[in-house]
Each structure stands twice: as structure tokens, then as C-alpha cells.
>>> print(open('entry-v1.pdb').read())   # PDB, C-alpha atoms
MODEL        1
ATOM      1  CA  MET A  72      77.717  96.991  85.297  1.00  0.00           C
ATOM      2  CA  ASP A  73      79.692  99.932  86.764  1.00  0.00           C
ATOM      3  CA  TYR A  74      83.445  99.912  87.227  1.00  0.00           C
ATOM      4  CA  ARG A  75      84.745  98.638  90.560  1.00  0.00           C
ATOM      5  CA  HIS A  76      87.874  99.437  92.545  1.00  0.00           C
ATOM      6  CA  GLU A  77      90.543  96.764  92.559  1.00  0.00           C
ATOM      7  CA  TRP A  78      93.780  96.268  94.487  1.00  0.00           C
ATOM      8  CA  LYS A  79      96.306  93.502  93.895  1.00  0.00           C
ATOM      9  CA  PHE A  80      99.239  92.609  96.145  1.00  0.00           C
ATOM     10  CA  GLU A  81     102.009  90.056  95.690  1.00  0.00           C
ATOM     11  CA  ILE A  82     102.371  88.280  99.027  1.00  0.00           C
ATOM     12  CA  SER A  83     104.400  85.526 100.679  1.00  0.00           C
ATOM     13  CA  GLU A  84     103.295  82.201 102.150  1.00  0.00           C
ATOM     14  CA  THR A  85     103.599  83.732 105.631  1.00  0.00           C
ATOM     15  CA  ASP A  86     101.365  86.608 104.520  1.00  0.00           C
ATOM     16  CA  LEU A  87      98.854  84.054 103.222  1.00  0.00           C
ATOM     17  CA  LEU A  88      98.611  82.374 106.624  1.00  0.00           C
ATOM     18  CA  ILE A  89      98.181  85.717 108.385  1.00  0.00           C
ATOM     19  CA  LEU A  90      95.543  87.004 105.966  1.00  0.00           C
ATOM     20  CA  ARG A  91      93.596  83.761 106.023  1.00  0.00           C
ATOM     21  CA  GLN A  92      93.159  84.041 109.790  1.00  0.00           C
ATOM     22  CA  ARG A  93      92.311  87.743 109.679  1.00  0.00           C
ATOM     23  CA  LEU A  94      89.740  87.337 106.933  1.00  0.00           C
ATOM     24  CA  ARG A  95      88.037  84.431 108.670  1.00  0.00           C
ATOM     25  CA  ALA A  96      87.509  86.774 111.623  1.00  0.00           C
ATOM     26  CA  VAL A  97      85.956  89.684 109.689  1.00  0.00           C
ATOM     27  CA  ALA A  98      84.415  88.079 106.598  1.00  0.00           C
ATOM     28  CA  ARG A  99      82.948  84.781 105.490  1.00  0.00           C
ATOM     29  CA  PRO A 100      84.038  82.318 102.802  1.00  0.00           C
ATOM     30  CA  ASP A 101      82.165  82.543  99.539  1.00  0.00           C
ATOM     31  CA  PRO A 102      79.231  80.121 100.014  1.00  0.00           C
ATOM     32  CA  HIS A 103      79.760  78.690  96.531  1.00  0.00           C
ATOM     33  CA  ALA A 104      83.334  77.615  97.280  1.00  0.00           C
ATOM     34  CA  VAL A 105      84.107  73.964  98.075  1.00  0.00           C
ATOM     35  CA  CYS A 106      85.817  73.678 101.466  1.00  0.00           C
ATOM     36  CA  GLY A 107      86.568  77.380 101.162  1.00  0.00           C
ATOM     37  CA  LYS A 108      88.307  77.108  97.789  1.00  0.00           C
ATOM     38  CA  TYR A 109      87.779  77.157  94.046  1.00  0.00           C
ATOM     39  CA  VAL A 110      89.940  75.485  91.443  1.00  0.00           C
ATOM     40  CA  ILE A 111      89.672  77.941  88.554  1.00  0.00           C
ATOM     41  CA  ARG A 112      90.481  77.208  84.922  1.00  0.00           C
ATOM     42  CA  SER A 113      90.470  80.008  82.352  1.00  0.00           C
ATOM     43  CA  LEU A 114      91.152  80.152  78.630  1.00  0.00           C
ATOM     44  CA  TYR A 115      92.484  83.554  77.549  1.00  0.00           C
ATOM     45  CA  PHE A 116      92.229  85.089  74.079  1.00  0.00           C
ATOM     46  CA  ASP A 117      94.772  87.211  72.236  1.00  0.00           C
ATOM     47  CA  ASN A 118      95.765  87.931  68.653  1.00  0.00           C
ATOM     48  CA  ALA A 119      98.898  87.095  66.675  1.00  0.00           C
ATOM     49  CA  ALA A 120     100.500  90.376  67.766  1.00  0.00           C
ATOM     50  CA  ASP A 121      99.778  89.623  71.451  1.00  0.00           C
ATOM     51  CA  ARG A 122      97.810  92.835  71.785  1.00  0.00           C
ATOM     52  CA  ALA A 123      96.250  92.007  75.173  1.00  0.00           C
ATOM     53  CA  LEU A 124      99.614  90.952  76.592  1.00  0.00           C
ATOM     54  CA  ARG A 125     101.463  93.989  75.262  1.00  0.00           C
ATOM     55  CA  GLU A 126      98.844  96.441  76.490  1.00  0.00           C
ATOM     56  CA  LYS A 127      99.133  94.922  79.950  1.00  0.00           C
ATOM     57  CA  LEU A 128     102.941  95.012  79.984  1.00  0.00           C
ATOM     58  CA  ASP A 129     102.990  98.556  78.598  1.00  0.00           C
ATOM     59  CA  GLY A 130     100.560  99.755  81.265  1.00  0.00           C
ATOM     60  CA  VAL A 131      97.870 100.919  78.826  1.00  0.00           C
ATOM     61  CA  SER A 132      95.207 102.513  81.012  1.00  0.00           C
ATOM     62  CA  ARG A 133      92.147 101.434  79.017  1.00  0.00           C
ATOM     63  CA  ARG A 134      92.255  97.843  77.885  1.00  0.00           C
ATOM     64  CA  GLU A 135      90.159  94.701  77.686  1.00  0.00           C
ATOM     65  CA  LYS A 136      90.571  90.952  77.513  1.00  0.00           C
ATOM     66  CA  PHE A 137      88.301  87.988  76.860  1.00  0.00           C
ATOM     67  CA  ARG A 138      88.380  84.653  78.618  1.00  0.00           C
ATOM     68  CA  ILE A 139      86.279  81.535  79.158  1.00  0.00           C
ATOM     69  CA  ARG A 140      86.172  80.182  82.700  1.00  0.00           C
ATOM     70  CA  TYR A 141      84.813  77.331  84.794  1.00  0.00           C
ATOM     71  CA  TYR A 142      85.267  76.135  88.366  1.00  0.00           C
ATOM     72  CA  ASN A 143      86.154  72.886  90.120  1.00  0.00           C
ATOM     73  CA  ASP A 144      86.145  70.848  86.884  1.00  0.00           C
ATOM     74  CA  ASP A 145      82.404  71.521  86.520  1.00  0.00           C
ATOM     75  CA  THR A 146      81.783  72.046  82.801  1.00  0.00           C
ATOM     76  CA  SER A 147      78.036  72.410  83.341  1.00  0.00           C
ATOM     77  CA  PHE A 148      78.666  76.042  84.363  1.00  0.00           C
ATOM     78  CA  ILE A 149      80.963  77.830  81.919  1.00  0.00           C
ATOM     79  CA  ARG A 150      81.185  81.607  81.479  1.00  0.00           C
ATOM     80  CA  LEU A 151      82.470  83.783  78.682  1.00  0.00           C
ATOM     81  CA  GLU A 152      83.848  86.923  80.321  1.00  0.00           C
ATOM     82  CA  LYS A 153      85.124  90.278  79.146  1.00  0.00           C
ATOM     83  CA  LYS A 154      87.255  92.217  81.624  1.00  0.00           C
ATOM     84  CA  SER A 155      87.684  95.936  81.023  1.00  0.00           C
ATOM     85  CA  LYS A 156      90.171  98.167  82.843  1.00  0.00           C
ATOM     86  CA  ALA A 157      90.279 101.943  83.175  1.00  0.00           C
ATOM     87  CA  GLY A 158      93.104 103.061  85.408  1.00  0.00           C
ATOM     88  CA  GLY A 159      92.634 101.436  88.811  1.00  0.00           C
ATOM     89  CA  LEU A 160      89.025 100.500  88.079  1.00  0.00           C
ATOM     90  CA  GLY A 161      87.689  97.367  86.457  1.00  0.00           C
ATOM     91  CA  LYS A 162      84.458  95.748  85.399  1.00  0.00           C
ATOM     92  CA  LYS A 163      83.437  92.329  84.163  1.00  0.00           C
ATOM     93  CA  GLN A 164      80.700  91.296  81.755  1.00  0.00           C
ATOM     94  CA  SER A 165      79.766  87.641  81.451  1.00  0.00           C
ATOM     95  CA  VAL A 166      77.389  85.233  79.750  1.00  0.00           C
ATOM     96  CA  SER A 167      76.855  81.475  79.948  1.00  0.00           C
ATOM     97  CA  LEU A 168      78.277  79.025  77.423  1.00  0.00           C
ATOM     98  CA  THR A 169      77.512  75.350  77.019  1.00  0.00           C
ATOM     99  CA  ALA A 170      80.307  72.797  76.852  1.00  0.00           C
ATOM    100  CA  MET A 171      79.491  72.228  73.165  1.00  0.00           C
ATOM    101  CA  GLN A 172      79.664  75.955  72.394  1.00  0.00           C
ATOM    102  CA  THR A 173      82.973  76.154  74.209  1.00  0.00           C
ATOM    103  CA  LEU A 174      84.371  73.244  72.224  1.00  0.00           C
ATOM    104  CA  ASP A 175      83.254  74.905  69.008  1.00  0.00           C
ATOM    105  CA  ILE A 176      85.068  78.111  69.924  1.00  0.00           C
ATOM    106  CA  VAL A 177      88.217  76.227  70.916  1.00  0.00           C
ATOM    107  CA  ASN A 178      88.147  74.277  67.656  1.00  0.00           C
ATOM    108  CA  GLY A 179      87.518  77.343  65.498  1.00  0.00           C
ATOM    109  CA  CYS A 180      83.901  76.512  64.609  1.00  0.00           C
ATOM    110  CA  THR A 181      82.548  80.001  65.239  1.00  0.00           C
ATOM    111  CA  ASP A 182      79.944  80.763  62.539  1.00  0.00           C
ATOM    112  CA  TRP A 183      77.103  80.101  65.007  1.00  0.00           C
ATOM    113  CA  MET A 184      78.312  82.979  67.175  1.00  0.00           C
ATOM    114  CA  ALA A 185      77.235  85.582  64.607  1.00  0.00           C
ATOM    115  CA  GLY A 186      73.579  84.652  65.162  1.00  0.00           C
ATOM    116  CA  SER A 187      73.694  84.531  68.960  1.00  0.00           C
ATOM    117  CA  LYS A 188      71.201  86.593  70.955  1.00  0.00           C
ATOM    118  CA  GLU A 189      73.933  87.313  73.492  1.00  0.00           C
ATOM    119  CA  GLU A 190      75.753  90.579  72.779  1.00  0.00           C
ATOM    120  CA  LEU A 191      78.980  89.427  74.395  1.00  0.00           C
ATOM    121  CA  ILE A 192      79.170  86.323  72.192  1.00  0.00           C
ATOM    122  CA  CYS A 193      78.553  88.475  69.118  1.00  0.00           C
ATOM    123  CA  GLU A 194      81.240  90.918  70.252  1.00  0.00           C
ATOM    124  CA  LEU A 195      83.813  88.159  70.702  1.00  0.00           C
ATOM    125  CA  TYR A 196      82.901  86.754  67.272  1.00  0.00           C
ATOM    126  CA  SER A 197      83.333  90.175  65.690  1.00  0.00           C
ATOM    127  CA  LYS A 198      86.744  90.656  67.293  1.00  0.00           C
ATOM    128  CA  MET A 199      87.821  87.152  66.337  1.00  0.00           C
ATOM    129  CA  ARG A 200      87.024  88.096  62.732  1.00  0.00           C
ATOM    130  CA  THR A 201      88.351  91.665  62.700  1.00  0.00           C
ATOM    131  CA  GLN A 202      91.181  91.593  65.265  1.00  0.00           C
ATOM    132  CA  GLY A 203      92.247  87.970  64.974  1.00  0.00           C
ATOM    133  CA  LEU A 204      91.469  87.020  68.575  1.00  0.00           C
ATOM    134  CA  ARG A 205      92.061  83.326  69.200  1.00  0.00           C
ATOM    135  CA  PRO A 206      92.317  81.046  72.259  1.00  0.00           C
ATOM    136  CA  LYS A 207      95.873  81.595  73.474  1.00  0.00           C
ATOM    137  CA  ILE A 208      96.644  79.879  76.758  1.00  0.00           C
ATOM    138  CA  ILE A 209      95.126  78.008  79.706  1.00  0.00           C
ATOM    139  CA  VAL A 210      95.515  79.457  83.213  1.00  0.00           C
ATOM    140  CA  ASP A 211      94.802  77.363  86.317  1.00  0.00           C
ATOM    141  CA  TYR A 212      94.976  78.405  89.953  1.00  0.00           C
ATOM    142  CA  ILE A 213      93.445  77.923  93.386  1.00  0.00           C
ATOM    143  CA  ARG A 214      91.379  80.721  94.911  1.00  0.00           C
ATOM    144  CA  GLU A 215      90.230  81.232  98.489  1.00  0.00           C
ATOM    145  CA  PRO A 216      87.380  83.779  98.273  1.00  0.00           C
ATOM    146  CA  PHE A 217      85.951  85.870 101.104  1.00  0.00           C
ATOM    147  CA  VAL A 218      82.986  88.250 101.140  1.00  0.00           C
ATOM    148  CA  PHE A 219      82.237  90.934 103.687  1.00  0.00           C
ATOM    149  CA  ALA A 220      79.189  89.738 105.623  1.00  0.00           C
ATOM    150  CA  PRO A 221      76.820  92.613 106.489  1.00  0.00           C
ATOM    151  CA  GLY A 222      75.522  92.385 110.001  1.00  0.00           C
ATOM    152  CA  LYS A 223      78.022  89.734 111.062  1.00  0.00           C
ATOM    153  CA  ILE A 224      80.787  92.071 112.179  1.00  0.00           C
ATOM    154  CA  SER A 225      79.431  95.537 111.473  1.00  0.00           C
ATOM    155  CA  ASP A 226      76.241  97.290 110.424  1.00  0.00           C
ATOM    156  CA  ILE A 227      78.167  99.526 108.014  1.00  0.00           C
ATOM    157  CA  ALA A 228      77.174  99.166 104.350  1.00  0.00           C
ATOM    158  CA  PRO A 229      79.583  96.574 102.974  1.00  0.00           C
ATOM    159  CA  GLY A 230      80.266  98.140  99.549  1.00  0.00           C
ATOM    160  CA  ASN A 231      80.059  94.764  97.728  1.00  0.00           C
ATOM    161  CA  VAL A 232      83.489  93.784  99.012  1.00  0.00           C
ATOM    162  CA  ARG A 233      85.255  90.634  97.832  1.00  0.00           C
ATOM    163  CA  VAL A 234      88.727  89.514  98.903  1.00  0.00           C
ATOM    164  CA  THR A 235      90.545  86.583  97.310  1.00  0.00           C
ATOM    165  CA  LEU A 236      93.787  84.709  97.905  1.00  0.00           C
ATOM    166  CA  ASP A 237      95.110  83.141  94.685  1.00  0.00           C
ATOM    167  CA  TYR A 238      97.998  80.703  94.409  1.00  0.00           C
ATOM    168  CA  ASN A 239      99.420  77.638  92.639  1.00  0.00           C
ATOM    169  CA  ILE A 240      99.226  79.381  89.265  1.00  0.00           C
ATOM    170  CA  ARG A 241      99.779  76.917  86.403  1.00  0.00           C
ATOM    171  CA  THR A 242      99.619  77.135  82.641  1.00  0.00           C
ATOM    172  CA  GLY A 243      98.742  74.873  79.729  1.00  0.00           C
ATOM    173  CA  PHE A 244      99.460  75.352  76.042  1.00  0.00           C
ATOM    174  CA  ASN A 245      97.077  72.936  74.315  1.00  0.00           C
ATOM    175  CA  CYS A 246      93.912  75.035  74.256  1.00  0.00           C
ATOM    176  CA  ARG A 247      91.915  72.153  72.782  1.00  0.00           C
ATOM    177  CA  ASP A 248      92.327  70.342  76.115  1.00  0.00           C
ATOM    178  CA  PHE A 249      90.596  73.180  77.991  1.00  0.00           C
ATOM    179  CA  LEU A 250      87.589  71.085  79.065  1.00  0.00           C
ATOM    180  CA  LYS A 251      89.606  67.967  79.908  1.00  0.00           C
ATOM    181  CA  PRO A 252      90.169  67.373  83.656  1.00  0.00           C
ATOM    182  CA  ASP A 253      93.499  65.691  82.863  1.00  0.00           C
ATOM    183  CA  CYS A 254      94.769  68.624  80.787  1.00  0.00           C
ATOM    184  CA  VAL A 255      98.535  68.906  81.266  1.00  0.00           C
ATOM    185  CA  THR A 256      99.605  72.103  83.024  1.00  0.00           C
ATOM    186  CA  ILE A 257     102.925  73.241  84.481  1.00  0.00           C
ATOM    187  CA  PRO A 258     103.861  75.845  87.132  1.00  0.00           C
ATOM    188  CA  ALA A 259     103.914  79.365  85.680  1.00  0.00           C
ATOM    189  CA  GLY A 260     107.490  80.107  86.717  1.00  0.00           C
ATOM    190  CA  GLU A 261     108.020  81.612  90.155  1.00  0.00           C
ATOM    191  CA  ALA A 262     104.469  82.914  90.335  1.00  0.00           C
ATOM    192  CA  PRO A 263     103.683  84.762  93.566  1.00  0.00           C
ATOM    193  CA  ILE A 264     100.625  84.408  95.768  1.00  0.00           C
ATOM    194  CA  ILE A 265      98.154  87.161  94.929  1.00  0.00           C
ATOM    195  CA  LEU A 266      95.840  89.040  97.276  1.00  0.00           C
ATOM    196  CA  GLU A 267      92.978  90.779  95.432  1.00  0.00           C
ATOM    197  CA  VAL A 268      90.566  93.253  97.019  1.00  0.00           C
ATOM    198  CA  LYS A 269      87.538  94.460  95.044  1.00  0.00           C
ATOM    199  CA  TRP A 270      84.782  96.844  96.067  1.00  0.00           C
ATOM    200  CA  ASP A 271      82.275  99.335  94.684  1.00  0.00           C
ATOM    201  CA  SER A 272      82.264 102.835  96.183  1.00  0.00           C
ATOM    202  CA  PHE A 273      83.167 102.007  99.780  1.00  0.00           C
ATOM    203  CA  LEU A 274      85.821  99.825 101.393  1.00  0.00           C
ATOM    204  CA  PRO A 275      85.058  99.333 105.116  1.00  0.00           C
ATOM    205  CA  ASP A 276      87.930 100.131 107.479  1.00  0.00           C
ATOM    206  CA  ILE A 277      87.631  96.674 109.024  1.00  0.00           C
ATOM    207  CA  ILE A 278      88.541  95.104 105.671  1.00  0.00           C
ATOM    208  CA  ARG A 279      91.158  97.744 104.858  1.00  0.00           C
ATOM    209  CA  ASP A 280      92.867  97.004 108.177  1.00  0.00           C
ATOM    210  CA  ALA A 281      92.615  93.238 107.690  1.00  0.00           C
ATOM    211  CA  VAL A 282      94.387  93.266 104.315  1.00  0.00           C
ATOM    212  CA  THR A 283      97.094  95.773 105.289  1.00  0.00           C
ATOM    213  CA  LEU A 284     100.552  94.197 105.524  1.00  0.00           C
ATOM    214  CA  PRO A 285     103.836  95.993 106.334  1.00  0.00           C
ATOM    215  CA  GLY A 286     105.892  96.664 103.229  1.00  0.00           C
ATOM    216  CA  ARG A 287     103.220  95.490 100.791  1.00  0.00           C
ATOM    217  CA  ARG A 288     101.967  97.933  98.196  1.00  0.00           C
ATOM    218  CA  ALA A 289      99.282  97.490  95.580  1.00  0.00           C
ATOM    219  CA  ALA A 290     100.798  96.613  92.206  1.00  0.00           C
ATOM    220  CA  ALA A 291      99.691  95.517  88.767  1.00  0.00           C
ATOM    221  CA  PHE A 292      99.743  91.737  88.294  1.00  0.00           C
ATOM    222  CA  SER A 293      98.269  89.613  85.525  1.00  0.00           C
ATOM    223  CA  LYS A 294      97.921  85.853  85.753  1.00  0.00           C
ATOM    224  CA  TYR A 295      97.623  85.826  81.968  1.00  0.00           C
ATOM    225  CA  ALA A 296     100.919  87.693  81.583  1.00  0.00           C
ATOM    226  CA  GLN A 297     102.593  85.443  84.166  1.00  0.00           C
ATOM    227  CA  CYS A 298     101.484  82.371  82.252  1.00  0.00           C
ATOM    228  CA  ARG A 299     102.915  83.762  78.994  1.00  0.00           C
ATOM    229  CA  ILE A 300     106.493  83.587  80.287  1.00  0.00           C
ATOM    230  CA  TYR A 301     107.094  80.480  78.193  1.00  0.00           C
ATOM    231  CA  GLY A 302     105.778  82.008  74.981  1.00  0.00           C
TER     232      GLY A 302
ENDMDL
END
>>> encode(input="entry-v1.pdb", output="C-alpha cells")
Amino acid sequence: MDYRHEWKFEISETDLLILRQRLRAVARPDPHAVCGKYVIRSLYFDNAADRALREKLDGVSRREKFRIRYYNDDTSFIRLEKKSKAGGLGKKQSVSLTAMQTLDIVNGCTDWMAGSKEELICELYSKMRTQGLRPKIIVDYIREPFVFAPGKISDIAPGNVRVTLDYNIRTGFNCRDFLKPDCVTIPAGEAPIILEVKWDSFLPDIIRDAVTLPGRRAAAFSKYAQCRIYG
């Protein structure tokens, strides 16, 4: 998968209301969302030296992080993901995991990973062995996703555009509870609302105009880093 462009903006609750109305006029909700929303739970990996966290905070241009993710408490669809960044570009690789495989990883039973036919699972296993990657923290939040609908508003090539509004960011420290719906989480400090805009080679003006807000500039933001404020 090629790298994609990515913008992130920290926005207010008023901004959220404005953007929600604008995006409903020029895009459509992700058809896989439930009532226009996802509840996302991720489990992030890092090593004892907090390499992924430090590289993010230090602004290292080329970096990567691993996470396991599922949506709306549905553990029948779990993904292992690797996110890679290069400057303002990003890409994501992913592969399916079963609930049992996920539990094994969370509990440190990883020998089976070495024999997997999935390259991403083998890569995570290798880095768990050589770099000391381990499950570090749970990150929960609500996402309202929008996709640019070709032909609905414009005949211009859409550029694989996806816009999301993320809020109610929470964190949990007991990684072994990752698959439990009643896992205890707490607010991740004064976490902002986050607008994310992602596209391939072309961002249509209609979307660019819709997400433009006075005084808001694209900035680096990491939900993982935000959720590490407590340790």
C-alpha cells in the first residue's frame, strides 16, 4: 500500500457541530458505521524504553507503531495493524486476528506467531523478540467517519478521501482486559476532539473547503501519546 496524505486538527465542540453539518452535505457516513459512529478500541505496543512514544514526541520523521484494533465491541473482527509515518505521509498495513490469537498475544503466548503465514504477524513476533515490544496501553474513543461519495456531489475523482471526527478519548492500563466489554477505562486527561483528513494524491476542493476552520492549523497529535499521560 502506498503512503497517503494525512492532516490532523485539534478542534472544539463548536467546531465539531459545524464540521458535522458541513460533511453531511458533501460526503456520506461510512456505511460500516453504526448510526454514523464507531466505538474503537486499540491496544498499542511499545518497548521498555518507550521507543514509539519517544519517537513521536521527538518528531522523528520516519517511525512505526503496532496496534490491535476492533470496533463496537465486536471481537469477531480484530485487526493487527502497523502504521508507518514518513514526514506528513502515512500508510497502514493490517491482517486479521482471531480472539484466541489476540488473547495469546496479550498473555505473552507468542511462539505460534513465528510459524504464521502472515508476514505482519511474523514481523511483530520478531520485534517482540528483538526489540522488546509488548502490549502497553488500551485506547478507546468514538469516531464519526465520512467518505467522499463520487457522483453524489461532484464528478471529480475523489482521491480516496476519508474524514473522521474523533472524541471521548479514554485509556485503560490492564492490557489483559482488552477484549472485555467491561474493561475499566478513564478519560485521557483534557484530550481534544480530533479532525483527521486522509487522501491519496488528490484532495477535492469541496472537501478542503468543508474542513477549513478559521485559526485551525494542521498539527501532530497522537492518541497513543495522549493516553500515556498517566505513565
>>> residues_near_point(input="entry-v1.pdb", point="(88.7, 77.5, 86.6)", cutoff="7 Å", atoms="all atoms listed in the file", output="list in words")
Val110, Ile111, Arg112, Ser113, Arg140, Tyr141, Tyr142, Asn143 and Asp211 of chain A
>>> atom_distance(input="entry-v1.pdb", atom1="CA of Lys127 in chain A", atom2="CA of Ile149 in chain A")
25.0 Å
>>> closest_atom_pairs(input="entry-v1.pdb", of="range 191-210 of chain A", to="range 234-249 of chain A", cutoff="8 Å", atoms="only C-alpha atoms", output="Markdown table")
| residue | atom | partner | partner_atom | distance |
| --- | --- | --- | --- | --- |
| A:Pro206 | CA | A:Cys246 | CA | 6.5 |
| A:Lys207 | CA | A:Cys246 | CA | 6.9 |
| A:Ile208 | CA | A:Phe244 | CA | 5.4 |
| A:Ile209 | CA | A:Gly243 | CA | 4.8 |
| A:Val210 | CA | A:Thr242 | CA | 4.7 |
>>> resolve_selection(input="entry-v1.pdb", expression="the PyMOL selection byres ((chain A and resi 131-137) around 10)", output="ChimeraX atom specification")
/A:113-117,122-130,138-140,151-165,191,195,204-206,295
>>> closest_residue(input="entry-v1.pdb", among="A:Asp101, A:Ser83, A:Leu94, A:Ser197", to="Asp182 in chain A", atoms="all atoms listed in the file")
A:Ser197
>>> resolve_selection(input="entry-v1.pdb", expression="the PyMOL selection byres ((chain A and resi 288) around 12)", output="list of chain:residue names")
A:Trp78, A:Lys79, A:Phe80, A:Glu81, A:Ile82, A:Ile265, A:Leu266, A:Glu267, A:Val282, A:Thr283, A:Leu284, A:Pro285, A:Gly286, A:Arg287, A:Ala289, A:Ala290, A:Ala291, A:Phe292
>>> write_last_selection(input="entry-v1.pdb", atoms="C-alpha atoms", output="CSV table (one decimal), keeping the file's coordinate frame")
chain,number,residue,atom,x,y,z
A,78,TRP,CA,93.8,96.3,94.5
A,79,LYS,CA,96.3,93.5,93.9
A,80,PHE,CA,99.2,92.6,96.1
A,81,GLU,CA,102.0,90.1,95.7
A,82,ILE,CA,102.4,88.3,99.0
A,265,ILE,CA,98.2,87.2,94.9
A,266,LEU,CA,95.8,89.0,97.3
A,267,GLU,CA,93.0,90.8,95.4
A,282,VAL,CA,94.4,93.3,104.3
A,283,THR,CA,97.1,95.8,105.3
A,284,LEU,CA,100.6,94.2,105.5
A,285,PRO,CA,103.8,96.0,106.3
A,286,GLY,CA,105.9,96.7,103.2
A,287,ARG,CA,103.2,95.5,100.8
A,289,ALA,CA,99.3,97.5,95.6
A,290,ALA,CA,100.8,96.6,92.2
A,291,ALA,CA,99.7,95.5,88.8
A,292,PHE,CA,99.7,91.7,88.3
>>> atom_distance(input="entry-v1.pdb", atom1="CA of Lys108 in chain A", atom2="CA of Ile176 in chain A")
28.1 Å
>>> residues_near_point(input="entry-v1.pdb", point="(103.9, 75.8, 83.7)", cutoff="8 Å", atoms="all atoms listed in the file", output="list in words")
Arg241, Thr242, Gly243, Thr256, Ile257, Pro258, Ala259, Gly260, Cys298 and Tyr301 of chain A
>>> axis_aligned_box(input="entry-v1.pdb", around="range 184-196 of chain A", padding_each_side="6 Å", output="lines of an AutoDock Vina configuration file")
center_x = 77.5
center_y = 86.9
center_z = 69.5
size_x = 24.6
size_y = 19.9
size_z = 21.8
>>> atom_distance(input="entry-v1.pdb", atom1="CA of Trp270 in chain A", atom2="CA of Gln92 in chain A")
20.6 Å
>>> residues_around(input="entry-v1.pdb", residues="Arg200 in chain A", least_positions_apart="6", cutoff="12 Å", atoms="only C-alpha atoms", output="list in words")
Asn118, Gly179, Thr181, Asp182, Met184, Ala185, Cys193 and Glu194 of chain A
>>> write_last_selection(input="entry-v1.pdb", atoms="C-alpha atoms", output="PDB file, in the frame of the given file")
ATOM      1  CA  ASN A 118      95.765  87.931  68.653  1.00  0.00           C
ATOM      2  CA  GLY A 179      87.518  77.343  65.498  1.00  0.00           C
ATOM      3  CA  THR A 181      82.548  80.001  65.239  1.00  0.00           C
ATOM      4  CA  ASP A 182      79.944  80.763  62.539  1.00  0.00           C
ATOM      5  CA  MET A 184      78.312  82.979  67.175  1.00  0.00           C
ATOM      6  CA  ALA A 185      77.235  85.582  64.607  1.00  0.00           C
ATOM      7  CA  CYS A 193      78.553  88.475  69.118  1.00  0.00           C
ATOM      8  CA  GLU A 194      81.240  90.918  70.252  1.00  0.00           C
TER       9      GLU A 194
END
>>> resolve_selection(input="entry-v1.pdb", expression="the PyMOL selection byres ((chain A and resi 97) around 12)", output="number ranges by chain")
A: 90-96, 98-100, 217-225, 229, 232-234, 275-282
>>> closest_residue(input="entry-v1.pdb", among="A:Leu274, A:Ile89, A:Ala120, A:Ile264", to="Arg214 in chain A", atoms="all atoms listed in the file")
A:Ile264
>>> closest_residue(input="entry-v1.pdb", among="A:Ala104, A:Lys198, A:Thr173, A:Tyr74", to="Glu215 in chain A", atoms="all atoms listed in the file")
A:Ala104
>>> residues_around(input="entry-v1.pdb", residues="Asp271 in chain A", least_positions_apart="4", cutoff="9 Å", atoms="only C-alpha atoms", output="ChimeraX atom specification")
/A:73-77,230-232
